[in-house]
Amino acid sequence: MPTIKDVARLAGVTHAVVSRILNGDKALRVRSETRERVLAAAAELEYIPHHAAKALRASRAGAIGLAVHDLSNPVYSEVIKGAQEAINRHRSVLMLADAAELHRDAATFRRFVASDAIDALLLLPAGDDSDAAIAHSASARIPTVLVNERSAEYQSVSADEHTAGMLAVRHLADLGHREIGLLHLDGATQRGADRVDGHVAGLRELGLELDDRWVGDGGHEPESGRRALLRLAENGPLPSSIVVHSVQAAVGALIAARELGIDVPGELSIVGFHDMPYAAYLEPALTVVRMGLREMGAAAVETAMRLLDGQTVDKQVKVTEPEPRIVVRDSTAPPRASSPRGGSPAR
């Protein structure tokens with residue numbers, strides 16, 4: 001573990017100056033450049049003052065951080081609500097942060113974590129390099145929980161994504177569809193992979209395989225979903241139905257279908273993932289796979305609190321109540337008897 005002398009050596013000052021700066025001595029008169037150099041050196045070495053290390057977190061800050069990549073994403077807002085409800089029961093505070101900003105100013109983030117300003121960090125990963133960097137920095141100092149994600153490396157809380165993927169396919173199959181396309185999530189997330197695995201498993205129950213003609217990257221925003229469906233249409237006839245692994249992207253798919261003059265659900269049935277309040281008010285109202293987002297946020301807080309109390313917690317916590325279920329609305333219906341859109345052969 002780095003010492004105060006290591007920080008002083010790197011910053012080019014005495015260890016007494018380092019001590020007074022890190023302890024916020026207002027009587028100390030040093031140039032702002034010197035102060036910044038000392039703080040940067042402490043962050044680079046990930047130095048924790050001896051008194052903080054000795055305390056071994058006996059006293060808590062009473063706050064948990066929650067880092068997300070898109071504060072405007074309504075799916076994340078549901079997770080946040082669940083986390084807020086849970087943390088209120090512990091008489092603690094939830095501190096919200098933009099994950100991209102944390103990654104952009106990594107030195108400041110490391111100083112923040114090392115200062116014991118938060119007791120634990122919850123991270124909703126998006127599947128890019130910043131997730132690993134943030135989780136690595138935080139987990140070295142405080143309990144860190146990945147939320148809405150399954151991880152073998154870090155503590156995680158997730159939903160049953162595989163079952164959810166199968167449910168969407170089974171719903172369409174029960175309506176009589178055998179042409180079932182897929183617009184999957186973007187980013188290298190395990191939840192995205194689990195949904196695809198569930199989708200493929202559902203197709204195999206029907207004696208079908210995933211048809212590459214009807215697979216695209218739907219992303220997680222309306223515009224990315226819109227573009228994805230338009231690209232599929234450019235490549236040939238669309239299937240009679242499609243599963244979109246994001247409710248936001250499913251909105252975009254509905255818009256694209258309207259632009260193409262395709263009737264939903266008469267010519268194309270669409271299923272989205274996660275149930276948002278607006279899904280019931282779309283035209284047509286969107287059929288979705290509903291999962292316990294609020295319950296996931298609450299479970300992440302409870303997991304962090306148990307870790308802080310020194311309790312044993314499963315590495316991968318799966319939220320099983322409520323179970324994933326289909327909420328049927330107007331965007332899905334049986335396929336027309338004779339479809340001009342082509343078919344997916346059994347293989």
# chains A, B, ... in the order shown; residues from 1 in each chain; ligands from 1
>>> residues_around(residues="segment 291-297 of chain A", least_positions_apart="3", cutoff="9 Å", atoms="only C-alpha atoms", output="ChimeraX atom specification")
/A:75-86,147-148,157-161,164,273-275,300-302,318-325
>>> residues_around(residues="Leu102 of chain A", least_positions_apart="6", cutoff="8 Å", atoms="only C-alpha atoms", output="list in words")
Thr108, Phe109 and Ile134 of chain A
>>> write_last_selection(atoms="all heavy atoms", output="compact mmCIF listing (two decimals), in the first residue's frame")
# COMPACT_ATOMS: atom_id res chain seq x y z
N THR A 108 -10.34 12.13 -10.49
CA THR A 108 -11.27 12.70 -9.52
C THR A 108 -12.15 11.61 -8.93
O THR A 108 -12.43 11.60 -7.72
CB THR A 108 -12.15 13.78 -10.19
OG1 THR A 108 -11.32 14.83 -10.66
CG2 THR A 108 -13.18 14.33 -9.21
N PHE A 109 -12.58 10.68 -9.75
CA PHE A 109 -13.41 9.58 -9.25
C PHE A 109 -12.65 8.75 -8.23
O PHE A 109 -13.19 8.39 -7.17
CB PHE A 109 -13.87 8.71 -10.41
CG PHE A 109 -14.64 7.49 -9.99
CD1 PHE A 109 -15.82 7.62 -9.28
CD2 PHE A 109 -14.17 6.21 -10.29
CE1 PHE A 109 -16.53 6.49 -8.87
CE2 PHE A 109 -14.88 5.09 -9.90
CZ PHE A 109 -16.06 5.23 -9.19
N ILE A 134 -14.49 1.68 -14.24
CA ILE A 134 -15.18 2.20 -13.06
C ILE A 134 -15.30 1.11 -12.00
O ILE A 134 -15.01 1.33 -10.81
CB ILE A 134 -16.58 2.72 -13.44
CG1 ILE A 134 -16.46 3.96 -14.33
CG2 ILE A 134 -17.41 3.03 -12.20
CD1 ILE A 134 -17.78 4.40 -14.94
>>> residues_around(residues="Asn73 of chain A", least_positions_apart="5", cutoff="12 Å", atoms="only C-alpha atoms", output="list in words")
Val68, Glu78, Val79, Ile80, Asp98, Leu124, Ala126, His220, Glu221, Pro222, Ser246, Val247, Gln248, Ala249, His274 and Met276 of chain A
>>> closest_residue(among="A:Glu179, A:Glu101, A:Glu283, A:Asp116", to="Ala63 of chain A", atoms="only C-alpha atoms")
A:Asp116
>>> residues_around(residues="segment 255-265 of chain A", least_positions_apart="5", cutoff="9 Å", atoms="only C-alpha atoms", output="ChimeraX atom specification")
/A:222,225-230,233,240-241,250,270,284,330-335
>>> write_last_selection(atoms="N, CA, C and O atoms", output="mmCIF file, in the first residue's frame")
data_model
loop_
_atom_site.group_PDB
_atom_site.id
_atom_site.type_symbol
_atom_site.label_atom_id
_atom_site.label_comp_id
_atom_site.auth_asym_id
_atom_site.auth_seq_id
_atom_site.Cartn_x
_atom_site.Cartn_y
_atom_site.Cartn_z
ATOM 1 N N PRO A 222 -35.013 5.101 -29.549
ATOM 2 C CA PRO A 222 -35.988 5.057 -30.649
ATOM 3 C C PRO A 222 -35.357 5.156 -32.034
ATOM 4 O O PRO A 222 -35.724 4.395 -32.945
ATOM 5 N N GLY A 225 -33.627 1.921 -33.088
ATOM 6 C CA GLY A 225 -34.607 0.900 -33.445
ATOM 7 C C GLY A 225 -35.250 1.181 -34.788
ATOM 8 O O GLY A 225 -35.503 0.260 -35.582
ATOM 9 N N ARG A 226 -35.531 2.446 -35.057
ATOM 10 C CA ARG A 226 -36.104 2.841 -36.344
ATOM 11 C C ARG A 226 -35.160 2.477 -37.486
ATOM 12 O O ARG A 226 -35.559 1.874 -38.481
ATOM 13 N N ARG A 227 -33.885 2.863 -37.341
ATOM 14 C CA ARG A 227 -32.908 2.585 -38.410
ATOM 15 C C ARG A 227 -32.730 1.093 -38.616
ATOM 16 O O ARG A 227 -32.559 0.629 -39.746
ATOM 17 N N ALA A 228 -32.751 0.337 -37.520
ATOM 18 C CA ALA A 228 -32.537 -1.109 -37.623
ATOM 19 C C ALA A 228 -33.637 -1.777 -38.439
ATOM 20 O O ALA A 228 -33.365 -2.618 -39.305
ATOM 21 N N LEU A 229 -34.881 -1.404 -38.199
ATOM 22 C CA LEU A 229 -35.963 -2.027 -38.957
ATOM 23 C C LEU A 229 -35.928 -1.590 -40.420
ATOM 24 O O LEU A 229 -36.179 -2.396 -41.332
ATOM 25 N N LEU A 230 -35.585 -0.337 -40.669
ATOM 26 C CA LEU A 230 -35.481 0.126 -42.059
ATOM 27 C C LEU A 230 -34.392 -0.637 -42.812
ATOM 28 O O LEU A 230 -34.552 -0.966 -43.991
ATOM 29 N N ALA A 233 -35.635 -4.028 -43.788
ATOM 30 C CA ALA A 233 -36.571 -3.923 -44.906
ATOM 31 C C ALA A 233 -35.841 -3.717 -46.223
ATOM 32 O O ALA A 233 -36.291 -4.187 -47.284
ATOM 33 N N SER A 240 -43.018 -12.000 -40.305
ATOM 34 C CA SER A 240 -44.362 -11.619 -39.857
ATOM 35 C C SER A 240 -44.350 -11.053 -38.442
ATOM 36 O O SER A 240 -45.338 -10.456 -38.008
ATOM 37 N N SER A 241 -43.214 -11.224 -37.728
ATOM 38 C CA SER A 241 -43.120 -10.721 -36.362
ATOM 39 C C SER A 241 -41.663 -10.450 -36.016
ATOM 40 O O SER A 241 -40.744 -10.993 -36.644
ATOM 41 N N ALA A 250 -38.112 -0.417 -29.598
ATOM 42 C CA ALA A 250 -39.381 -0.900 -30.136
ATOM 43 C C ALA A 250 -40.261 0.267 -30.588
ATOM 44 O O ALA A 250 -40.995 0.151 -31.577
ATOM 45 N N ILE A 270 -44.997 -6.825 -33.179
ATOM 46 C CA ILE A 270 -43.788 -6.340 -32.505
ATOM 47 C C ILE A 270 -43.921 -6.539 -30.997
ATOM 48 O O ILE A 270 -44.939 -6.171 -30.400
ATOM 49 N N PRO A 284 -49.986 1.296 -32.408
ATOM 50 C CA PRO A 284 -50.779 0.561 -31.421
ATOM 51 C C PRO A 284 -50.042 0.414 -30.085
ATOM 52 O O PRO A 284 -48.821 0.567 -30.027
ATOM 53 N N ASP A 330 -51.811 -4.304 -28.204
ATOM 54 C CA ASP A 330 -52.311 -4.324 -29.583
ATOM 55 C C ASP A 330 -51.250 -4.505 -30.667
ATOM 56 O O ASP A 330 -51.600 -4.587 -31.846
ATOM 57 N N SER A 331 -49.974 -4.551 -30.299
ATOM 58 C CA SER A 331 -48.942 -4.628 -31.340
ATOM 59 C C SER A 331 -48.649 -6.053 -31.790
ATOM 60 O O SER A 331 -47.806 -6.270 -32.663
ATOM 61 N N THR A 332 -49.346 -7.044 -31.207
ATOM 62 C CA THR A 332 -49.171 -8.436 -31.638
ATOM 63 C C THR A 332 -50.521 -9.055 -31.948
ATOM 64 O O THR A 332 -51.516 -8.793 -31.268
ATOM 65 N N ALA A 333 -50.548 -9.884 -32.984
ATOM 66 C CA ALA A 333 -51.775 -10.561 -33.415
ATOM 67 C C ALA A 333 -51.374 -11.765 -34.266
ATOM 68 O O ALA A 333 -50.215 -11.871 -34.698
ATOM 69 N N PRO A 334 -52.279 -12.699 -34.536
ATOM 70 C CA PRO A 334 -51.945 -13.829 -35.406
ATOM 71 C C PRO A 334 -51.537 -13.336 -36.793
ATOM 72 O O PRO A 334 -52.020 -12.298 -37.264
ATOM 73 N N PRO A 335 -50.639 -14.056 -37.450
ATOM 74 C CA PRO A 335 -50.229 -13.647 -38.804
ATOM 75 C C PRO A 335 -51.367 -13.853 -39.797
ATOM 76 O O PRO A 335 -52.258 -14.688 -39.577
#
>>> residues_around(residues="Asp128 of chain A", least_positions_apart="4", cutoff="8 Å", atoms="only C-alpha atoms", output="PyMOL selection string")
chain A and resi 132+187-188
>>> select_by_dssp(residues="segment 61-229 of chain A", states="alpha helix (DSSP H)", output="short mmCIF file (atom, residue, chain, number, x, y, z; two decimals) with N, CA and C atoms, in the first residue's frame")
data_model
loop_
_atom_site.label_atom_id
_atom_site.label_comp_id
_atom_site.auth_asym_id
_atom_site.auth_seq_id
_atom_site.Cartn_x
_atom_site.Cartn_y
_atom_site.Cartn_z
N PRO A 74 -35.72 5.75 -19.56
CA PRO A 74 -36.80 5.43 -18.62
C PRO A 74 -36.64 4.08 -17.94
N VAL A 75 -35.93 3.16 -18.58
CA VAL A 75 -35.67 1.86 -17.95
C VAL A 75 -34.82 2.07 -16.70
N TYR A 76 -33.78 2.90 -16.81
CA TYR A 76 -32.93 3.18 -15.67
C TYR A 76 -33.70 3.91 -14.57
N SER A 77 -34.64 4.77 -14.97
CA SER A 77 -35.39 5.52 -13.96
C SER A 77 -36.19 4.59 -13.07
N GLU A 78 -36.69 3.48 -13.62
CA GLU A 78 -37.42 2.51 -12.81
C GLU A 78 -36.48 1.82 -11.81
N VAL A 79 -35.27 1.49 -12.25
CA VAL A 79 -34.28 0.89 -11.34
C VAL A 79 -33.94 1.87 -10.23
N ILE A 80 -33.76 3.14 -10.60
CA ILE A 80 -33.43 4.18 -9.63
C ILE A 80 -34.53 4.32 -8.58
N LYS A 81 -35.80 4.27 -9.02
CA LYS A 81 -36.91 4.38 -8.07
C LYS A 81 -36.86 3.25 -7.05
N GLY A 82 -36.59 2.04 -7.51
CA GLY A 82 -36.50 0.91 -6.59
C GLY A 82 -35.35 1.06 -5.62
N ALA A 83 -34.21 1.55 -6.12
CA ALA A 83 -33.05 1.76 -5.25
C ALA A 83 -33.34 2.85 -4.22
N GLN A 84 -34.04 3.90 -4.65
CA GLN A 84 -34.36 4.99 -3.72
C GLN A 84 -35.30 4.52 -2.62
N GLU A 85 -36.29 3.73 -2.98
CA GLU A 85 -37.22 3.21 -1.98
C GLU A 85 -36.50 2.35 -0.95
N ALA A 86 -35.56 1.53 -1.42
CA ALA A 86 -34.82 0.65 -0.51
C ALA A 86 -33.88 1.43 0.39
N ILE A 87 -33.21 2.42 -0.18
CA ILE A 87 -32.22 3.15 0.61
C ILE A 87 -32.89 4.03 1.66
N ASN A 88 -34.12 4.45 1.38
CA ASN A 88 -34.86 5.22 2.39
C ASN A 88 -35.10 4.39 3.64
N ARG A 89 -35.31 3.09 3.45
CA ARG A 89 -35.54 2.20 4.60
C ARG A 89 -34.30 2.08 5.47
N ALA A 99 -22.12 7.81 -15.47
CA ALA A 99 -20.97 6.91 -15.57
C ALA A 99 -19.93 7.40 -16.56
N ALA A 100 -20.37 8.00 -17.66
CA ALA A 100 -19.43 8.50 -18.66
C ALA A 100 -18.53 9.58 -18.08
N GLU A 101 -19.11 10.44 -17.23
CA GLU A 101 -18.32 11.51 -16.61
C GLU A 101 -17.34 10.94 -15.60
N LEU A 102 -17.75 9.93 -14.86
CA LEU A 102 -16.84 9.30 -13.91
C LEU A 102 -15.63 8.73 -14.63
N HIS A 103 -15.89 8.11 -15.77
CA HIS A 103 -14.79 7.52 -16.54
C HIS A 103 -13.91 8.59 -17.16
N ARG A 104 -14.53 9.68 -17.60
CA ARG A 104 -13.79 10.75 -18.26
C ARG A 104 -12.81 11.42 -17.30
N ALA A 106 -11.22 10.15 -14.41
CA ALA A 106 -10.93 8.98 -13.56
C ALA A 106 -10.19 9.36 -12.29
N ALA A 107 -9.28 10.34 -12.37
CA ALA A 107 -8.50 10.73 -11.20
C ALA A 107 -9.41 11.29 -10.11
N THR A 108 -10.34 12.13 -10.49
CA THR A 108 -11.27 12.70 -9.52
C THR A 108 -12.15 11.61 -8.93
N PHE A 109 -12.58 10.68 -9.75
CA PHE A 109 -13.41 9.58 -9.25
C PHE A 109 -12.65 8.75 -8.23
N ARG A 110 -11.38 8.45 -8.50
CA ARG A 110 -10.59 7.67 -7.54
C ARG A 110 -10.43 8.42 -6.22
N ARG A 111 -10.21 9.73 -6.31
CA ARG A 111 -10.10 10.52 -5.08
C ARG A 111 -11.41 10.49 -4.31
N PHE A 112 -12.51 10.59 -5.04
CA PHE A 112 -13.82 10.59 -4.40
C PHE A 112 -14.07 9.28 -3.66
N VAL A 113 -13.75 8.17 -4.30
CA VAL A 113 -13.94 6.86 -3.67
C VAL A 113 -13.02 6.72 -2.46
N ALA A 114 -11.76 7.12 -2.62
CA ALA A 114 -10.78 6.99 -1.54
C ALA A 114 -11.10 7.89 -0.35
N ASP A 129 -15.99 0.04 -22.51
CA ASP A 129 -14.77 -0.08 -21.71
C ASP A 129 -14.85 0.67 -20.39
N SER A 130 -15.68 1.71 -20.33
CA SER A 130 -15.75 2.51 -19.11
C SER A 130 -16.28 1.70 -17.93
N ASP A 131 -17.15 0.72 -18.20
CA ASP A 131 -17.73 -0.07 -17.12
C ASP A 131 -16.66 -0.80 -16.32
N ALA A 132 -15.76 -1.47 -17.04
CA ALA A 132 -14.70 -2.22 -16.37
C ALA A 132 -13.78 -1.31 -15.59
N ALA A 133 -13.47 -0.14 -16.14
CA ALA A 133 -12.58 0.80 -15.46
C ALA A 133 -13.21 1.32 -14.18
N ILE A 134 -14.49 1.68 -14.24
CA ILE A 134 -15.18 2.20 -13.06
C ILE A 134 -15.30 1.11 -12.00
N ALA A 135 -15.71 -0.08 -12.41
CA ALA A 135 -15.88 -1.18 -11.45
C ALA A 135 -14.55 -1.56 -10.81
N HIS A 136 -13.48 -1.56 -11.59
CA HIS A 136 -12.17 -1.91 -11.05
C HIS A 136 -11.71 -0.88 -10.00
N SER A 137 -11.85 0.39 -10.32
CA SER A 137 -11.41 1.43 -9.38
C SER A 137 -12.22 1.40 -8.09
N ALA A 138 -13.54 1.25 -8.22
CA ALA A 138 -14.40 1.30 -7.05
C ALA A 138 -14.27 0.05 -6.19
N SER A 139 -14.24 -1.13 -6.83
CA SER A 139 -14.26 -2.38 -6.07
C SER A 139 -12.99 -2.59 -5.25
N GLU A 161 -33.03 -12.98 -17.72
CA GLU A 161 -33.08 -12.52 -19.11
C GLU A 161 -33.31 -13.66 -20.09
N HIS A 162 -32.76 -14.83 -19.78
CA HIS A 162 -32.91 -15.98 -20.68
C HIS A 162 -34.38 -16.37 -20.80
N THR A 163 -35.05 -16.47 -19.66
CA THR A 163 -36.48 -16.79 -19.68
C THR A 163 -37.27 -15.71 -20.40
N ALA A 164 -36.90 -14.45 -20.18
CA ALA A 164 -37.59 -13.34 -20.84
C ALA A 164 -37.47 -13.46 -22.35
N GLY A 165 -36.28 -13.81 -22.83
CA GLY A 165 -36.08 -13.98 -24.26
C GLY A 165 -36.96 -15.08 -24.84
N MET A 166 -37.09 -16.18 -24.09
CA MET A 166 -37.92 -17.29 -24.56
C MET A 166 -39.40 -16.91 -24.55
N LEU A 167 -39.83 -16.13 -23.52
CA LEU A 167 -41.24 -15.77 -23.41
C LEU A 167 -41.72 -14.98 -24.63
N ALA A 168 -40.87 -14.08 -25.11
CA ALA A 168 -41.26 -13.26 -26.26
C ALA A 168 -41.50 -14.14 -27.48
N VAL A 169 -40.62 -15.09 -27.70
CA VAL A 169 -40.76 -15.99 -28.85
C VAL A 169 -41.98 -16.88 -28.67
N ARG A 170 -42.19 -17.40 -27.46
CA ARG A 170 -43.33 -18.29 -27.23
C ARG A 170 -44.65 -17.56 -27.44
N HIS A 171 -44.70 -16.30 -27.02
CA HIS A 171 -45.93 -15.53 -27.23
C HIS A 171 -46.26 -15.44 -28.72
N LEU A 172 -45.26 -15.12 -29.53
CA LEU A 172 -45.48 -15.00 -30.97
C LEU A 172 -45.82 -16.36 -31.58
N ALA A 173 -45.15 -17.40 -31.08
CA ALA A 173 -45.44 -18.75 -31.59
C ALA A 173 -46.86 -19.17 -31.25
N ASP A 174 -47.33 -18.82 -30.05
CA ASP A 174 -48.70 -19.17 -29.65
C ASP A 174 -49.73 -18.48 -30.54
N GLN A 190 -23.84 -8.85 -20.68
CA GLN A 190 -24.28 -10.23 -20.50
C GLN A 190 -25.79 -10.33 -20.60
N ARG A 191 -26.51 -9.27 -20.16
CA ARG A 191 -27.97 -9.32 -20.27
C ARG A 191 -28.41 -9.41 -21.73
N GLY A 192 -27.69 -8.70 -22.62
CA GLY A 192 -27.99 -8.78 -24.04
C GLY A 192 -27.76 -10.17 -24.58
N ALA A 193 -26.63 -10.77 -24.18
CA ALA A 193 -26.31 -12.13 -24.63
C ALA A 193 -27.33 -13.14 -24.10
N ASP A 194 -27.76 -12.97 -22.85
CA ASP A 194 -28.73 -13.89 -22.27
C ASP A 194 -30.08 -13.80 -22.97
N ARG A 195 -30.47 -12.59 -23.35
CA ARG A 195 -31.75 -12.43 -24.07
C ARG A 195 -31.68 -13.12 -25.43
N VAL A 196 -30.55 -12.95 -26.12
CA VAL A 196 -30.39 -13.61 -27.42
C VAL A 196 -30.41 -15.13 -27.26
N ASP A 197 -29.72 -15.63 -26.23
CA ASP A 197 -29.72 -17.07 -25.98
C ASP A 197 -31.14 -17.58 -25.73
N GLY A 198 -31.92 -16.82 -24.97
CA GLY A 198 -33.29 -17.21 -24.72
C GLY A 198 -34.12 -17.19 -25.99
N HIS A 199 -33.89 -16.19 -26.83
CA HIS A 199 -34.60 -16.09 -28.11
C HIS A 199 -34.30 -17.31 -28.98
N VAL A 200 -33.02 -17.66 -29.07
CA VAL A 200 -32.61 -18.82 -29.88
C VAL A 200 -33.22 -20.10 -29.33
N ALA A 201 -33.23 -20.23 -27.98
CA ALA A 201 -33.81 -21.42 -27.36
C ALA A 201 -35.31 -21.51 -27.67
N GLY A 202 -35.99 -20.36 -27.69
CA GLY A 202 -37.40 -20.36 -28.02
C GLY A 202 -37.65 -20.79 -29.46
N LEU A 203 -36.79 -20.33 -30.36
CA LEU A 203 -36.92 -20.75 -31.76
C LEU A 203 -36.70 -22.25 -31.92
N ARG A 204 -35.74 -22.78 -31.21
CA ARG A 204 -35.43 -24.20 -31.34
C ARG A 204 -36.57 -25.07 -30.81
N GLU A 205 -37.33 -24.54 -29.85
CA GLU A 205 -38.53 -25.26 -29.41
C GLU A 205 -39.51 -25.44 -30.57
N PRO A 222 -35.01 5.10 -29.55
CA PRO A 222 -35.99 5.06 -30.65
C PRO A 222 -35.36 5.16 -32.03
N GLU A 223 -34.40 6.05 -32.20
CA GLU A 223 -33.81 6.23 -33.53
C GLU A 223 -33.02 5.01 -33.97
N SER A 224 -32.31 4.37 -33.03
CA SER A 224 -31.55 3.18 -33.40
C SER A 224 -32.49 2.04 -33.77
N GLY A 225 -33.63 1.92 -33.09
CA GLY A 225 -34.61 0.90 -33.44
C GLY A 225 -35.25 1.18 -34.79
N ARG A 226 -35.53 2.45 -35.06
CA ARG A 226 -36.10 2.84 -36.34
C ARG A 226 -35.16 2.48 -37.49
N ARG A 227 -33.89 2.86 -37.34
CA ARG A 227 -32.91 2.59 -38.41
C ARG A 227 -32.73 1.09 -38.62
N ALA A 228 -32.75 0.34 -37.52
CA ALA A 228 -32.54 -1.11 -37.62
C ALA A 228 -33.64 -1.78 -38.44
N LEU A 229 -34.88 -1.40 -38.20
CA LEU A 229 -35.96 -2.03 -38.96
C LEU A 229 -35.93 -1.59 -40.42
#
>>> closest_residue(among="A:Val145, A:Ala16, A:Ala41, A:Leu282", to="Val317 of chain A", atoms="only C-alpha atoms")
A:Val145
>>> select_by_dssp(residues="segment 36-134 of chain A", states="strand (DSSP E)", output="list in words")
Ala63, Ile64, Gly65, Leu66, Ala67, Val68, Val93, Leu94, Met95, Leu96, Ala97, Asp98, Ala120, Leu121, Leu122 and Leu123 of chain A
>>> atom_distance(atom1="atom CA of Leu10 of chain A", atom2="atom CA of Val30 of chain A")
16.9 Å
>>> residues_around(residues="Arg329 of chain A", least_positions_apart="6", cutoff="9 Å", atoms="only C-alpha atoms", output="MDAnalysis selection string")
chainID A and resid 280 284:288
>>> residues_around(residues="Ser19 of chain A", least_positions_apart="6", cutoff="10 Å", atoms="only C-alpha atoms", output="list in words")
Ile4, Lys5, Val7, Ala8, Asp25, Val38 and Pro49 of chain A
>>> write_last_selection(atoms="C-alpha atoms", output="JSON list (two decimals), in the first residue's frame")
[["chain", "number", "residue", "atom", "x", "y", "z"],
["A", 4, "ILE", "CA", 2.37, 9.42, 2.42],
["A", 5, "LYS", "CA", 6.11, 9.55, 1.61],
["A", 7, "VAL", "CA", 2.89, 10.66, -2.52],
["A", 8, "ALA", "CA", 5.33, 13.35, -1.39],
["A", 25, "ASP", "CA", -5.57, 22.43, 6.55],
["A", 38, "VAL", "CA", -0.40, 16.56, -4.57],
["A", 49, "PRO", "CA", -4.78, 8.24, 4.58]]
>>> closest_residue(among="A:Val313, A:Ala253, A:Ala40, A:Ile326", to="Tyr154 of chain A", atoms="only C-alpha atoms")
A:Val313
>>> closest_residue(among="A:Ala152, A:Glu46, A:Ile64, A:Glu33", to="Arg91 of chain A", atoms="only C-alpha atoms")
A:Ile64
>>> closest_residue(among="A:Asn23, A:Thr14, A:Thr3, A:Thr144", to="Leu66 of chain A", atoms="only C-alpha atoms")
A:Thr144
